[in-house]
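In what follows, a single structure is set out as structure tokens and then discussed.
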Amino acid sequence: MPASSHSARFVSDWRGNRLADWHMDQSRGTLSLRGSEEICEQVVACWPRAKRHNLLERQSYWTHRIHMDFPEPPELQDLLRLQSEVLTLHVASTVVVNTAIALDFYNKPDADELKYTDTGQLLHSLKYGRHTPDETTRLGRKLCAALCDVVDRHPLFRDATRLLPVPGSTRRLSDRIGSTLHRDLGIPLTHVTRRSVATRPAKDMTSRERAERINDFSIDEGLAGERVLIVDDLYRTGRTLAEVARVAHSAGADTVYGLVAARTLGSRDKPPTLYRWQPR
């Protein structure tokens with residue numbers, strides 16, 4: 001899509017963003033992006049030799065420009081297409097989680113109500129539907145195939161050396177997702193322990209209940225130098241992901257990424273506050 005000087009300035013959504021547009025000028029070795037800061041940071045993290053350039057204030061269509069003094073990587077276009085399909089999440093502190101992705105929103109506003117996306121409907125069916133074992137397996141494989149596709153296509157996620165499923169509620173869907181990704185991707189699995197017993201899903205908890213879950217997780221296994229991929233079914237405030245990431249860092253992890261099936265929306269959602277992580 002060609003840039004237009006009359007196009008509205010891009011406004012980043014704190015809940016999550018897709019890459020809206022991109023253009024690669026091979027003669028100059030410059031990549032122009034229209035998307036959030038987190039999307040740009042992913043590209044630079046994949047190819048550290050790439051350098052960001054400041055854009056003039058009047059150039060309101062493109063939000064970021066990256067200079068690459070090397071041939072265009074074969075994987076670049078596929079990464080950009082992936083970023084246009086999935087949600088790159090806003091992570092309050094990149095010290096804790098380097099980057100995080102969701103397949104889609106769990107629900108979206110439609111008139112005066114929230115309606116499930118296709119991913120949200122699939123998740124809801126897996127968590128609360130009544131199915132035969134074969135049907136549950138089919139639905140689970142469909143969801144995990146989409147998550148595996150993200151890992152296969154994303155240079156950072158594909159280099160992960162350890163999978164960490166978030167301990168879930170009594171239905172433990174995130175554990176089943178982690179086990180399937182471990183089997184299909186061949187990435188070693190490390191279990192995270194929750195000290196307290198989760199009585200209901202995090203998306204249904206109050207802000208006070210979520211705050212009480214801080215320091216609720218532990219990892220008994222050493223993760224020195226590991227590139228960790230945390231997997232979960234739902235993301236709302238990001239506190240659970242940040243807390244698991246914090247204990248992963250404490251166990252020695254070098255970098256931490258997050259991959260979730262859906263990002264939830266609700267009437268009580270507010271922009272996330274900065275999660276300050278301090279090494280223990």
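How things are named: the first chain in the structure tokens is A, the next is B, and so on; residues count from 1 in each chain; ligands count from 1 in the order shown.
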Which residues, written as a JSON list (two decimals) with all heavy atoms, in the first residue's frame, have at least one atom at most 12 Å from segment 177-189 of chain A, with only C-alpha atoms counted and residues fewer than 3 positions away on the same chain left out?
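Output saved as part_0.json:
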```
[["chain", "number", "residue", "atom", "x", "y", "z"],
["A", 123, "LEU", "N", -10.86, -20.92, 21.90],
["A", 123, "LEU", "CA", -10.41, -21.03, 23.28],
["A", 123, "LEU", "C", -11.57, -21.29, 24.24],
["A", 123, "LEU", "O", -11.47, -22.14, 25.13],
["A", 123, "LEU", "CB", -9.69, -19.74, 23.68],
["A", 123, "LEU", "CG", -8.18, -19.69, 23.52],
["A", 123, "LEU", "CD1", -7.67, -18.30, 23.88],
["A", 123, "LEU", "CD2", -7.50, -20.74, 24.36],
["A", 126, "LEU", "N", -12.67, -24.80, 24.02],
["A", 126, "LEU", "CA", -11.74, -25.73, 24.66],
["A", 126, "LEU", "C", -11.84, -25.68, 26.18],
["A", 126, "LEU", "O", -11.74, -26.72, 26.85],
["A", 126, "LEU", "CB", -10.31, -25.42, 24.22],
["A", 126, "LEU", "CG", -9.83, -26.02, 22.91],
["A", 126, "LEU", "CD1", -8.51, -25.39, 22.47],
["A", 126, "LEU", "CD2", -9.67, -27.54, 23.05],
["A", 127, "LYS", "N", -12.01, -24.49, 26.73],
["A", 127, "LYS", "CA", -12.01, -24.33, 28.18],
["A", 127, "LYS", "C", -13.34, -24.73, 28.82],
["A", 127, "LYS", "O", -13.36, -25.29, 29.91],
["A", 127, "LYS", "CB", -11.68, -22.87, 28.53],
["A", 127, "LYS", "CG", -10.25, -22.46, 28.21],
["A", 127, "LYS", "CD", -10.04, -20.97, 28.36],
["A", 127, "LYS", "CE", -9.97, -20.52, 29.78],
["A", 127, "LYS", "NZ", -8.70, -20.94, 30.45],
["A", 137, "THR", "N", -9.40, -33.15, 21.23],
["A", 137, "THR", "CA", -8.08, -33.28, 20.62],
["A", 137, "THR", "C", -7.99, -32.50, 19.31],
["A", 137, "THR", "O", -6.99, -31.82, 19.04],
["A", 137, "THR", "CB", -7.76, -34.76, 20.36],
["A", 137, "THR", "OG1", -7.74, -35.48, 21.60],
["A", 137, "THR", "CG2", -6.41, -34.92, 19.67],
["A", 139, "LEU", "N", -9.73, -29.82, 18.39],
["A", 139, "LEU", "CA", -9.72, -28.39, 18.67],
["A", 139, "LEU", "C", -8.37, -27.95, 19.23],
["A", 139, "LEU", "O", -7.84, -26.90, 18.87],
["A", 139, "LEU", "CB", -10.84, -28.02, 19.64],
["A", 139, "LEU", "CG", -12.27, -28.21, 19.13],
["A", 139, "LEU", "CD1", -13.27, -27.98, 20.25],
["A", 139, "LEU", "CD2", -12.55, -27.26, 17.96],
["A", 140, "GLY", "N", -7.82, -28.78, 20.11],
["A", 140, "GLY", "CA", -6.52, -28.45, 20.69],
["A", 140, "GLY", "C", -5.42, -28.43, 19.65],
["A", 140, "GLY", "O", -4.54, -27.55, 19.67],
["A", 141, "ARG", "N", -5.45, -29.37, 18.73],
["A", 141, "ARG", "CA", -4.44, -29.40, 17.66],
["A", 141, "ARG", "C", -4.57, -28.19, 16.74],
["A", 141, "ARG", "O", -3.57, -27.66, 16.26],
["A", 141, "ARG", "CB", -4.57, -30.69, 16.86],
["A", 141, "ARG", "CG", -4.07, -31.92, 17.59],
["A", 141, "ARG", "CD", -3.98, -33.12, 16.68],
["A", 141, "ARG", "NE", -3.43, -34.28, 17.35],
["A", 141, "ARG", "CZ", -2.13, -34.49, 17.53],
["A", 141, "ARG", "NH1", -1.26, -33.60, 17.08],
["A", 141, "ARG", "NH2", -1.69, -35.56, 18.16],
["A", 142, "LYS", "N", -5.79, -27.74, 16.51],
["A", 142, "LYS", "CA", -6.00, -26.56, 15.66],
["A", 142, "LYS", "C", -5.37, -25.32, 16.31],
["A", 142, "LYS", "O", -4.70, -24.53, 15.63],
["A", 142, "LYS", "CB", -7.49, -26.34, 15.43],
["A", 142, "LYS", "CG", -7.81, -25.17, 14.53],
["A", 142, "LYS", "CD", -9.32, -25.04, 14.30],
["A", 142, "LYS", "CE", -9.64, -23.86, 13.38],
["A", 142, "LYS", "NZ", -11.11, -23.74, 13.16],
["A", 143, "LEU", "N", -5.59, -25.16, 17.60],
["A", 143, "LEU", "CA", -5.01, -24.02, 18.31],
["A", 143, "LEU", "C", -3.49, -24.10, 18.35],
["A", 143, "LEU", "O", -2.79, -23.12, 18.06],
["A", 143, "LEU", "CB", -5.58, -23.96, 19.73],
["A", 143, "LEU", "CG", -5.01, -22.86, 20.62],
["A", 143, "LEU", "CD1", -5.38, -21.48, 20.08],
["A", 143, "LEU", "CD2", -5.51, -23.03, 22.06],
["A", 144, "CYS", "N", -2.98, -25.27, 18.68],
["A", 144, "CYS", "CA", -1.52, -25.42, 18.79],
["A", 144, "CYS", "C", -0.83, -25.31, 17.45],
["A", 144, "CYS", "O", 0.32, -24.84, 17.37],
["A", 144, "CYS", "CB", -1.19, -26.76, 19.46],
["A", 144, "CYS", "SG", -1.59, -26.79, 21.22],
["A", 145, "ALA", "N", -1.50, -25.70, 16.37],
["A", 145, "ALA", "CA", -0.92, -25.54, 15.03],
["A", 145, "ALA", "C", -0.70, -24.07, 14.72],
["A", 145, "ALA", "O", 0.31, -23.68, 14.13],
["A", 145, "ALA", "CB", -1.82, -26.18, 13.98],
["A", 146, "ALA", "N", -1.64, -23.22, 15.13],
["A", 146, "ALA", "CA", -1.50, -21.78, 14.90],
["A", 146, "ALA", "C", -0.35, -21.21, 15.73],
["A", 146, "ALA", "O", 0.41, -20.36, 15.27],
["A", 146, "ALA", "CB", -2.80, -21.06, 15.23],
["A", 147, "LEU", "N", -0.20, -21.68, 16.97],
["A", 147, "LEU", "CA", 0.90, -21.23, 17.82],
["A", 147, "LEU", "C", 2.25, -21.71, 17.29],
["A", 147, "LEU", "O", 3.23, -20.96, 17.27],
["A", 147, "LEU", "CB", 0.68, -21.72, 19.25],
["A", 147, "LEU", "CG", -0.52, -21.12, 19.99],
["A", 147, "LEU", "CD1", -0.79, -21.87, 21.28],
["A", 147, "LEU", "CD2", -0.30, -19.64, 20.27],
["A", 148, "CYS", "N", 2.29, -22.95, 16.82],
["A", 148, "CYS", "CA", 3.53, -23.48, 16.25],
["A", 148, "CYS", "C", 3.93, -22.70, 15.00],
["A", 148, "CYS", "O", 5.13, -22.49, 14.74],
["A", 148, "CYS", "CB", 3.36, -24.96, 15.90],
["A", 148, "CYS", "SG", 3.39, -26.08, 17.32],
["A", 149, "ASP", "N", 2.94, -22.27, 14.24],
["A", 149, "ASP", "CA", 3.22, -21.49, 13.03],
["A", 149, "ASP", "C", 3.93, -20.19, 13.38],
["A", 149, "ASP", "O", 4.86, -19.77, 12.67],
["A", 149, "ASP", "CB", 1.92, -21.21, 12.29],
["A", 149, "ASP", "CG", 2.15, -20.46, 10.98],
["A", 149, "ASP", "OD1", 2.83, -21.00, 10.09],
["A", 149, "ASP", "OD2", 1.67, -19.31, 10.85],
["A", 150, "VAL", "N", 3.53, -19.54, 14.47],
["A", 150, "VAL", "CA", 4.20, -18.32, 14.92],
["A", 150, "VAL", "C", 5.66, -18.61, 15.27],
["A", 150, "VAL", "O", 6.57, -17.88, 14.88],
["A", 150, "VAL", "CB", 3.48, -17.71, 16.13],
["A", 150, "VAL", "CG1", 4.25, -16.52, 16.69],
["A", 150, "VAL", "CG2", 2.07, -17.27, 15.74],
["A", 151, "VAL", "N", 5.88, -19.69, 16.00],
["A", 151, "VAL", "CA", 7.25, -20.04, 16.39],
["A", 151, "VAL", "C", 8.10, -20.36, 15.17],
["A", 151, "VAL", "O", 9.26, -19.91, 15.07],
["A", 151, "VAL", "CB", 7.24, -21.24, 17.37],
["A", 151, "VAL", "CG1", 8.67, -21.65, 17.73],
["A", 151, "VAL", "CG2", 6.45, -20.89, 18.63],
["A", 152, "ASP", "N", 7.56, -21.09, 14.23],
["A", 152, "ASP", "CA", 8.30, -21.46, 13.03],
["A", 152, "ASP", "C", 8.68, -20.24, 12.19],
["A", 152, "ASP", "O", 9.73, -20.22, 11.55],
["A", 152, "ASP", "CB", 7.49, -22.42, 12.16],
["A", 152, "ASP", "CG", 7.43, -23.82, 12.75],
["A", 152, "ASP", "OD1", 8.34, -24.17, 13.54],
["A", 152, "ASP", "OD2", 6.49, -24.57, 12.42],
["A", 157, "PHE", "N", 11.53, -16.41, 18.23],
["A", 157, "PHE", "CA", 10.84, -17.50, 18.89],
["A", 157, "PHE", "C", 11.39, -18.85, 18.46],
["A", 157, "PHE", "O", 11.46, -19.79, 19.25],
["A", 157, "PHE", "CB", 9.34, -17.43, 18.60],
["A", 157, "PHE", "CG", 8.63, -16.31, 19.29],
["A", 157, "PHE", "CD1", 9.33, -15.23, 19.82],
["A", 157, "PHE", "CD2", 7.25, -16.31, 19.41],
["A", 157, "PHE", "CE1", 8.68, -14.19, 20.45],
["A", 157, "PHE", "CE2", 6.59, -15.28, 20.05],
["A", 157, "PHE", "CZ", 7.30, -14.21, 20.57],
["A", 158, "ARG", "N", 11.78, -18.94, 17.20],
["A", 158, "ARG", "CA", 12.31, -20.21, 16.69],
["A", 158, "ARG", "C", 13.63, -20.58, 17.37],
["A", 158, "ARG", "O", 13.98, -21.77, 17.46],
["A", 158, "ARG", "CB", 12.50, -20.11, 15.18],
["A", 158, "ARG", "CG", 12.86, -21.44, 14.53],
["A", 158, "ARG", "CD", 12.79, -21.35, 13.02],
["A", 158, "ARG", "NE", 13.68, -20.35, 12.46],
["A", 158, "ARG", "CZ", 13.29, -19.25, 11.83],
["A", 158, "ARG", "NH1", 12.00, -19.01, 11.66],
["A", 158, "ARG", "NH2", 14.16, -18.40, 11.35],
["A", 159, "ASP", "N", 14.35, -19.59, 17.88],
["A", 159, "ASP", "CA", 15.62, -19.85, 18.55],
["A", 159, "ASP", "C", 15.46, -20.12, 20.04],
["A", 159, "ASP", "O", 16.46, -20.24, 20.76],
["A", 159, "ASP", "CB", 16.57, -18.66, 18.36],
["A", 159, "ASP", "CG", 17.14, -18.62, 16.95],
["A", 159, "ASP", "OD1", 17.08, -19.65, 16.26],
["A", 159, "ASP", "OD2", 17.67, -17.56, 16.54],
["A", 160, "ALA", "N", 14.22, -20.19, 20.53],
["A", 160, "ALA", "CA", 13.99, -20.47, 21.95],
["A", 160, "ALA", "C", 14.56, -21.84, 22.31],
["A", 160, "ALA", "O", 14.45, -22.80, 21.54],
["A", 160, "ALA", "CB", 12.50, -20.42, 22.27],
["A", 161, "THR", "N", 15.17, -21.91, 23.47],
["A", 161, "THR", "CA", 15.78, -23.17, 23.92],
["A", 161, "THR", "C", 15.01, -23.82, 25.06],
["A", 161, "THR", "O", 15.37, -24.92, 25.49],
["A", 161, "THR", "CB", 17.22, -22.93, 24.37],
["A", 161, "THR", "OG1", 17.24, -21.95, 25.44],
["A", 161, "THR", "CG2", 18.07, -22.41, 23.22],
["A", 162, "ARG", "N", 13.97, -23.15, 25.56],
["A", 162, "ARG", "CA", 13.18, -23.73, 26.64],
["A", 162, "ARG", "C", 11.75, -23.19, 26.60],
["A", 162, "ARG", "O", 11.54, -22.01, 26.36],
["A", 162, "ARG", "CB", 13.82, -23.37, 28.00],
["A", 162, "ARG", "CG", 13.38, -24.26, 29.15],
["A", 162, "ARG", "CD", 13.90, -25.69, 28.96],
["A", 162, "ARG", "NE", 15.33, -25.74, 29.03],
["A", 162, "ARG", "CZ", 16.03, -25.99, 30.13],
["A", 162, "ARG", "NH1", 15.39, -26.17, 31.29],
["A", 162, "ARG", "NH2", 17.34, -26.06, 30.10],
["A", 163, "LEU", "N", 10.80, -24.08, 26.82],
["A", 163, "LEU", "CA", 9.38, -23.71, 26.91],
["A", 163, "LEU", "C", 8.94, -23.69, 28.37],
["A", 163, "LEU", "O", 9.25, -24.62, 29.12],
["A", 163, "LEU", "CB", 8.51, -24.72, 26.15],
["A", 163, "LEU", "CG", 8.40, -24.63, 24.63],
["A", 163, "LEU", "CD1", 7.60, -25.80, 24.11],
["A", 163, "LEU", "CD2", 7.78, -23.31, 24.20],
["A", 164, "LEU", "N", 8.20, -22.65, 28.74],
["A", 164, "LEU", "CA", 7.67, -22.55, 30.09],
["A", 164, "LEU", "C", 6.16, -22.32, 30.02],
["A", 164, "LEU", "O", 5.72, -21.19, 29.77],
["A", 164, "LEU", "CB", 8.31, -21.38, 30.86],
["A", 164, "LEU", "CG", 9.54, -21.68, 31.71],
["A", 164, "LEU", "CD1", 10.71, -22.08, 30.83],
["A", 164, "LEU", "CD2", 9.90, -20.46, 32.55],
["A", 165, "PRO", "N", 5.33, -23.35, 30.20],
["A", 165, "PRO", "CA", 3.88, -23.12, 30.26],
["A", 165, "PRO", "C", 3.52, -22.45, 31.59],
["A", 165, "PRO", "O", 4.04, -22.81, 32.64],
["A", 165, "PRO", "CB", 3.29, -24.53, 30.18],
["A", 165, "PRO", "CG", 4.43, -25.43, 29.80],
["A", 165, "PRO", "CD", 5.66, -24.77, 30.28],
["A", 166, "VAL", "N", 2.63, -21.47, 31.53],
["A", 166, "VAL", "CA", 2.15, -20.82, 32.75],
["A", 166, "VAL", "C", 1.19, -21.77, 33.47],
["A", 166, "VAL", "O", 0.28, -22.30, 32.84],
["A", 166, "VAL", "CB", 1.43, -19.51, 32.40],
["A", 166, "VAL", "CG1", 0.78, -18.91, 33.66],
["A", 166, "VAL", "CG2", 2.40, -18.51, 31.79],
["A", 167, "PRO", "N", 1.40, -21.99, 34.77],
["A", 167, "PRO", "CA", 0.45, -22.85, 35.49],
["A", 167, "PRO", "C", -0.94, -22.23, 35.44],
["A", 167, "PRO", "O", -1.14, -21.08, 35.82],
["A", 167, "PRO", "CB", 0.99, -22.85, 36.93],
["A", 167, "PRO", "CG", 2.41, -22.44, 36.81],
["A", 167, "PRO", "CD", 2.48, -21.51, 35.64],
["A", 168, "GLY", "N", -1.90, -23.01, 34.94],
["A", 168, "GLY", "CA", -3.23, -22.46, 34.72],
["A", 168, "GLY", "C", -4.17, -22.71, 35.87],
["A", 168, "GLY", "O", -3.77, -23.12, 36.96],
["A", 171, "ARG", "N", -8.50, -26.03, 34.92],
["A", 171, "ARG", "CA", -8.64, -26.64, 33.60],
["A", 171, "ARG", "C", -7.28, -26.85, 32.92],
["A", 171, "ARG", "O", -7.18, -27.61, 31.98],
["A", 171, "ARG", "CB", -9.56, -25.79, 32.71],
["A", 171, "ARG", "CG", -10.96, -25.72, 33.29],
["A", 171, "ARG", "CD", -11.87, -24.85, 32.45],
["A", 171, "ARG", "NE", -13.15, -24.65, 33.11],
["A", 171, "ARG", "CZ", -14.18, -25.48, 33.02],
["A", 171, "ARG", "NH1", -14.09, -26.54, 32.29],
["A", 171, "ARG", "NH2", -15.31, -25.24, 33.67],
["A", 172, "ARG", "N", -6.25, -26.08, 33.33],
["A", 172, "ARG", "CA", -4.86, -26.31, 32.95],
["A", 172, "ARG", "C", -4.67, -26.38, 31.43],
["A", 172, "ARG", "O", -3.91, -27.19, 30.92],
["A", 172, "ARG", "CB", -4.32, -27.57, 33.61],
["A", 172, "ARG", "CG", -4.42, -27.55, 35.13],
["A", 172, "ARG", "CD", -3.80, -28.77, 35.76],
["A", 172, "ARG", "NE", -2.35, -28.77, 35.59],
["A", 172, "ARG", "CZ", -1.52, -28.10, 36.37],
["A", 172, "ARG", "NH1", -1.97, -27.36, 37.35],
["A", 172, "ARG", "NH2", -0.23, -28.15, 36.16],
["A", 173, "LEU", "N", -5.35, -25.53, 30.69],
["A", 173, "LEU", "CA", -5.22, -25.53, 29.25],
["A", 173, "LEU", "C", -3.81, -25.12, 28.83],
["A", 173, "LEU", "O", -3.26, -25.68, 27.87],
["A", 173, "LEU", "CB", -6.25, -24.58, 28.62],
["A", 173, "LEU", "CG", -6.19, -24.42, 27.10],
["A", 173, "LEU", "CD1", -6.37, -25.78, 26.41],
["A", 173, "LEU", "CD2", -7.25, -23.43, 26.62],
["A", 174, "SER", "N", -3.20, -24.17, 29.54],
["A", 174, "SER", "CA", -1.86, -23.73, 29.18],
["A", 174, "SER", "C", -0.85, -24.87, 29.31],
["A", 174, "SER", "O", 0.10, -24.96, 28.52],
["A", 174, "SER", "CB", -1.42, -22.54, 30.04],
["A", 174, "SER", "OG", -1.48, -22.88, 31.42],
["A", 192, "VAL", "N", 6.73, -24.72, 35.65],
["A", 192, "VAL", "CA", 6.67, -23.64, 36.63],
["A", 192, "VAL", "C", 5.72, -24.06, 37.73],
["A", 192, "VAL", "O", 4.62, -24.58, 37.46],
["A", 192, "VAL", "CB", 6.17, -22.33, 35.97],
["A", 192, "VAL", "CG1", 6.11, -21.20, 36.99],
["A", 192, "VAL", "CG2", 7.07, -21.96, 34.80],
["A", 219, "ILE", "N", 10.57, -21.66, 39.97],
["A", 219, "ILE", "CA", 11.17, -22.61, 39.03],
["A", 219, "ILE", "C", 12.33, -23.28, 39.75],
["A", 219, "ILE", "O", 13.23, -22.61, 40.25],
["A", 219, "ILE", "CB", 11.68, -21.91, 37.75],
["A", 219, "ILE", "CG1", 10.51, -21.25, 37.01],
["A", 219, "ILE", "CG2", 12.40, -22.89, 36.85],
["A", 219, "ILE", "CD1", 10.94, -20.41, 35.82],
["A", 221, "GLU", "N", 14.37, -25.56, 38.36],
["A", 221, "GLU", "CA", 15.41, -25.93, 37.41],
["A", 221, "GLU", "C", 16.25, -24.72, 37.01],
["A", 221, "GLU", "O", 15.71, -23.62, 36.85],
["A", 221, "GLU", "CB", 14.75, -26.54, 36.17],
["A", 221, "GLU", "CG", 15.72, -27.15, 35.17],
["A", 221, "GLU", "CD", 14.98, -27.83, 34.04],
["A", 221, "GLU", "OE1", 13.74, -28.02, 34.18],
["A", 221, "GLU", "OE2", 15.61, -28.16, 33.03],
["A", 223, "LEU", "N", 18.20, -22.21, 34.59],
["A", 223, "LEU", "CA", 17.96, -21.78, 33.21],
["A", 223, "LEU", "C", 19.10, -20.90, 32.71],
["A", 223, "LEU", "O", 18.90, -20.04, 31.85],
["A", 223, "LEU", "CB", 16.64, -21.02, 33.10],
["A", 223, "LEU", "CG", 15.36, -21.79, 33.45],
["A", 223, "LEU", "CD1", 14.15, -20.85, 33.42],
["A", 223, "LEU", "CD2", 15.15, -22.95, 32.48],
["A", 226, "GLU", "N", 19.60, -19.62, 28.98],
["A", 226, "GLU", "CA", 18.52, -20.12, 28.12],
["A", 226, "GLU", "C", 17.72, -18.96, 27.51],
["A", 226, "GLU", "O", 17.58, -17.89, 28.10],
["A", 226, "GLU", "CB", 17.57, -21.01, 28.92],
["A", 226, "GLU", "CG", 18.23, -22.23, 29.55],
["A", 226, "GLU", "CD", 18.44, -23.35, 28.55],
["A", 226, "GLU", "OE1", 18.18, -23.15, 27.34],
["A", 226, "GLU", "OE2", 18.88, -24.44, 28.98],
["A", 227, "ARG", "N", 17.19, -19.21, 26.32],
["A", 227, "ARG", "CA", 16.24, -18.30, 25.67],
["A", 227, "ARG", "C", 14.86, -18.92, 25.87],
["A", 227, "ARG", "O", 14.52, -19.91, 25.24],
["A", 227, "ARG", "CB", 16.58, -18.13, 24.19],
["A", 227, "ARG", "CG", 17.95, -17.50, 23.96],
["A", 227, "ARG", "CD", 18.23, -17.27, 22.49],
["A", 227, "ARG", "NE", 18.30, -18.52, 21.73],
["A", 227, "ARG", "CZ", 19.37, -19.28, 21.65],
["A", 227, "ARG", "NH1", 20.49, -18.94, 22.29],
["A", 227, "ARG", "NH2", 19.36, -20.39, 20.94],
["A", 228, "VAL", "N", 14.10, -18.31, 26.74],
["A", 228, "VAL", "CA", 12.87, -18.90, 27.24],
["A", 228, "VAL", "C", 11.64, -18.37, 26.49],
["A", 228, "VAL", "O", 11.54, -17.16, 26.24],
["A", 228, "VAL", "CB", 12.72, -18.60, 28.75],
["A", 228, "VAL", "CG1", 11.34, -18.97, 29.24],
["A", 228, "VAL", "CG2", 13.78, -19.37, 29.53],
["A", 229, "LEU", "N", 10.74, -19.27, 26.14],
["A", 229, "LEU", "CA", 9.46, -18.91, 25.54],
["A", 229, "LEU", "C", 8.35, -19.32, 26.50],
["A", 229, "LEU", "O", 8.10, -20.51, 26.71],
["A", 229, "LEU", "CB", 9.27, -19.60, 24.19],
["A", 229, "LEU", "CG", 7.95, -19.32, 23.46],
["A", 229, "LEU", "CD1", 7.78, -17.84, 23.18],
["A", 229, "LEU", "CD2", 7.88, -20.13, 22.16],
["A", 230, "ILE", "N", 7.69, -18.33, 27.10],
["A", 230, "ILE", "CA", 6.57, -18.59, 28.00],
["A", 230, "ILE", "C", 5.30, -18.71, 27.17],
["A", 230, "ILE", "O", 5.04, -17.87, 26.31],
["A", 230, "ILE", "CB", 6.42, -17.45, 29.02],
["A", 230, "ILE", "CG1", 7.69, -17.32, 29.88],
["A", 230, "ILE", "CG2", 5.22, -17.69, 29.92],
["A", 230, "ILE", "CD1", 7.69, -16.12, 30.80],
["A", 231, "VAL", "N", 4.52, -19.75, 27.41],
["A", 231, "VAL", "CA", 3.29, -19.95, 26.66],
["A", 231, "VAL", "C", 2.10, -19.96, 27.61],
["A", 231, "VAL", "O", 2.17, -20.48, 28.72],
["A", 231, "VAL", "CB", 3.32, -21.26, 25.83],
["A", 231, "VAL", "CG1", 4.37, -21.16, 24.74],
["A", 231, "VAL", "CG2", 3.60, -22.47, 26.72],
["A", 232, "ASP", "N", 1.01, -19.34, 27.17],
["A", 232, "ASP", "CA", -0.20, -19.26, 27.99],
["A", 232, "ASP", "C", -1.40, -19.18, 27.06],
["A", 232, "ASP", "O", -1.26, -18.93, 25.86],
["A", 232, "ASP", "CB", -0.14, -18.02, 28.90],
["A", 232, "ASP", "CG", -1.05, -18.16, 30.11],
["A", 232, "ASP", "OD1", -1.75, -19.17, 30.23],
["A", 232, "ASP", "OD2", -1.05, -17.23, 30.95],
["A", 233, "ASP", "N", -2.58, -19.39, 27.62],
["A", 233, "ASP", "CA", -3.78, -19.33, 26.79],
["A", 233, "ASP", "C", -4.32, -17.90, 26.68],
["A", 233, "ASP", "O", -4.73, -17.47, 25.60],
["A", 233, "ASP", "CB", -4.86, -20.30, 27.30],
["A", 233, "ASP", "CG", -5.18, -20.10, 28.77],
["A", 233, "ASP", "OD1", -4.43, -19.38, 29.45],
["A", 233, "ASP", "OD2", -6.18, -20.67, 29.24],
["A", 234, "LEU", "N", -4.31, -17.14, 27.79],
["A", 234, "LEU", "CA", -4.89, -15.81, 27.79],
["A", 234, "LEU", "C", -3.94, -14.77, 28.40],
["A", 234, "LEU", "O", -3.14, -15.09, 29.28],
["A", 234, "LEU", "CB", -6.21, -15.80, 28.57],
["A", 234, "LEU", "CG", -7.38, -16.56, 27.96],
["A", 234, "LEU", "CD1", -8.55, -16.59, 28.94],
["A", 234, "LEU", "CD2", -7.81, -15.93, 26.64],
["A", 259, "LEU", "N", 4.30, -15.98, 24.34],
["A", 259, "LEU", "CA", 3.39, -16.38, 23.27],
["A", 259, "LEU", "C", 2.08, -16.83, 23.89],
["A", 259, "LEU", "O", 2.06, -17.78, 24.66],
["A", 259, "LEU", "CB", 4.00, -17.50, 22.43],
["A", 259, "LEU", "CG", 3.12, -18.08, 21.31],
["A", 259, "LEU", "CD1", 2.76, -17.00, 20.29],
["A", 259, "LEU", "CD2", 3.81, -19.26, 20.64],
["A", 260, "VAL", "N", 0.99, -16.13, 23.55],
["A", 260, "VAL", "CA", -0.31, -16.47, 24.10],
["A", 260, "VAL", "C", -1.31, -16.63, 22.97],
["A", 260, "VAL", "O", -1.12, -16.09, 21.87],
["A", 260, "VAL", "CB", -0.81, -15.41, 25.10],
["A", 260, "VAL", "CG1", 0.15, -15.28, 26.26],
["A", 260, "VAL", "CG2", -1.00, -14.06, 24.42],
["A", 261, "ALA", "N", -2.37, -17.35, 23.25],
["A", 261, "ALA", "CA", -3.38, -17.57, 22.23],
["A", 261, "ALA", "C", -4.21, -16.31, 22.00],
["A", 261, "ALA", "O", -4.47, -15.94, 20.84],
["A", 261, "ALA", "CB", -4.28, -18.73, 22.62]]
```
**Asked** Near segment 65-81 of chain A, within 6 Å and counting only C-alpha atoms, which residues show up once chain neighbours fewer than 3 positions away are dropped, as an MDAnalysis selection string?
**Response** chainID A and resid 29:32 50:53 84 154
Write out, as a short mmCIF file (atom, residue, chain, number, x, y, z; two decimals), in the first residue's frame, the residues just selected, with N, CA and C atoms.
```cif
data_model
loop_
_atom_site.label_atom_id
_atom_site.label_comp_id
_atom_site.auth_asym_id
_atom_site.auth_seq_id
_atom_site.Cartn_x
_atom_site.Cartn_y
_atom_site.Cartn_z
N GLY A 29 18.53 0.32 1.00
CA GLY A 29 18.66 -0.53 2.17
C GLY A 29 17.88 -0.02 3.36
N THR A 30 16.68 0.54 3.11
CA THR A 30 15.86 1.07 4.20
C THR A 30 14.51 0.37 4.24
N LEU A 31 14.09 0.07 5.44
CA LEU A 31 12.80 -0.56 5.68
C LEU A 31 11.93 0.44 6.44
N SER A 32 10.80 0.80 5.88
CA SER A 32 9.85 1.72 6.52
C SER A 32 8.70 0.91 7.09
N ALA A 50 20.99 -3.98 12.03
CA ALA A 50 20.05 -2.97 11.54
C ALA A 50 20.06 -1.77 12.48
N LYS A 51 20.00 -0.58 11.90
CA LYS A 51 20.03 0.66 12.68
C LYS A 51 18.77 1.48 12.44
N ARG A 52 18.21 1.99 13.51
CA ARG A 52 17.01 2.81 13.39
C ARG A 52 17.37 4.23 13.00
N HIS A 53 16.56 4.84 12.14
CA HIS A 53 16.72 6.23 11.73
C HIS A 53 15.53 7.04 12.24
N SER A 84 1.85 -8.65 10.59
CA SER A 84 0.59 -8.07 10.14
C SER A 84 -0.61 -8.96 10.46
N HIS A 154 8.87 -16.93 13.26
CA HIS A 154 9.51 -15.81 13.96
C HIS A 154 10.95 -16.17 14.34
#
```
**Prompt:** Between A:Phe217, A:Arg18, A:Gly35, A:Val244, which has the minimum distance to Leu87 of chain A (counting only C-alpha atoms)?
**Reply:**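 Checking each of A:Phe217, A:Arg18, A:Gly35, A:Val244 against Leu87 of chain A, counting only C-alpha atoms, the winner is A:Arg18.
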**Message:** Could you list, as a list of chain:residue names, every residue within 9 Å of Glu37 of chain A, counting only C-alpha atoms and ignoring same-chain residues fewer than 4 positions away?
**Reply:**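 My reading of the contact set: A:Ser12, A:Glu41, A:Gln42, A:Thr63, A:His64, A:His90.
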